[in-house]
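> I have a structure here, written as structure tokens, and I will follow up with some questions on it.
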Amino acid sequence: MAKPNTVKPTDAELAVLQILWNRGPSTVRQVHEILSSLRNTGYTTTLKIMQIMTEKGLVTRDQSQKTHVYQALADKDCTQRQLVCNLLDRAFEGSAKTLIMQALSTQKTSAKELADIREFLDSIEEQIK
């Protein structure tokens, strides 16, 4: 079984992970209800995706009950960092500045988000002094 930190989830797997990160341990039916409200997905497709994710080590399955319960093994922050690093290299030639400027220019950013970003930048600046 692969380590969750080394496996890059597909778009469909990432959608399932986001549901599990937000909702916590869930059955296939519970995940499917949310997933199917976001995209046209059949129950058996959701089941198959989650079975593959189990094999990849992205989720774990508790089989102690009649209805199996799945839980994310892949850490949210680690997965997001991995995806951002990949995007940074592939689309922005390693330029964090370009990535951030594009991200901030694509949609309206709230005052709270901007304050959080400023606070984060200040903390990074303190670390390099």
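Within each chain, counting starts at residue 1; across the structure tokens, chains are named A, B, ... in the order shown, with ligands numbered 1 upward in that order.
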Listing only residues of stretch 38-65 of chain A within 9 Å of stretch 11-16 of chain A, what is the closest atom pair and its distance in Å (to one decimal) for each, using only C-alpha atoms, sorted by chain and residue number ascending, as a Markdown table?

| residue | atom | partner | partner_atom | distance |
| --- | --- | --- | --- | --- |
| A:Thr46 | CA | A:Val16 | CA | 8.4 |
| A:Ile49 | CA | A:Glu13 | CA | 6.7 |
| A:Met50 | CA | A:Glu13 | CA | 7.6 |
| A:Ile52 | CA | A:Glu13 | CA | 8.9 |
| A:Met53 | CA | A:Glu13 | CA | 7.0 |
| A:Leu58 | CA | A:Glu13 | CA | 8.5 |
> Just list as a VMD selection string whatever in chain A DSSP marks as helix (DSSP H, G or I).
chain A and resid 4 to 6 11 to 23 28 to 38 43 to 56 76 to 92 96 to 106 111 to 128
> Compare A:Ser95, A:Thr67, A:Thr41, A:Gln82 by their minimum atom-to-atom distance to A:Ser26, counting only C-alpha atoms, and give me the closest one.
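Ranking A:Ser95, A:Thr67, A:Thr41, A:Gln82 by distance to A:Ser26, first place goes to A:Thr67.
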> Could you please write out, as number ranges by chain, every residue of stretch 14-76 of chain A that DSSP assigns to strand (DSSP E or B)?
A: 26, 59-62, 69-72
> How many Å separate atom CA of A:Gly57 from atom CA of A:Thr27?
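Computing the Euclidean distance for atom CA of A:Gly57 and atom CA of A:Thr27 yields 16.9 Å.
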> Do a neighbour search on A:Gln51 at 10 Å with only C-alpha atoms, toss out local chain neighbours closer than 5 positions, and write the hits as JSON, numbers by chain.
{"A": [28, 45, 46, 56, 57, 58, 59, 60, 61, 70]}
> Between A:Phe92, A:Gln71, A:Ser37, A:Thr10, which residue has the minimum interatomic distance to A:Thr54, considering only C-alpha atoms?
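Looking only at the distances to A:Thr54, the closest residue turns out to be A:Gln71.
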> Counting only C-alpha atoms, which of A:Ile128, A:Ser36, A:Lys8, A:Ile19 gets nearest to A:Val84?
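When distances to A:Val84 are compared using only C-alpha atoms, the smallest one comes from A:Lys8.
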> As an exercise, work out the distance from atom CA of A:Phe120 to atom CA of A:Ala103 in Å and give it to one decimal place.
15.9 Å
> If I take atom CA of A:Lys66 and atom CA of A:Leu20, how far is one from the other in Å, to one decimal?
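We find that atom CA of A:Lys66 and atom CA of A:Leu20 lie 19.6 Å from each other.
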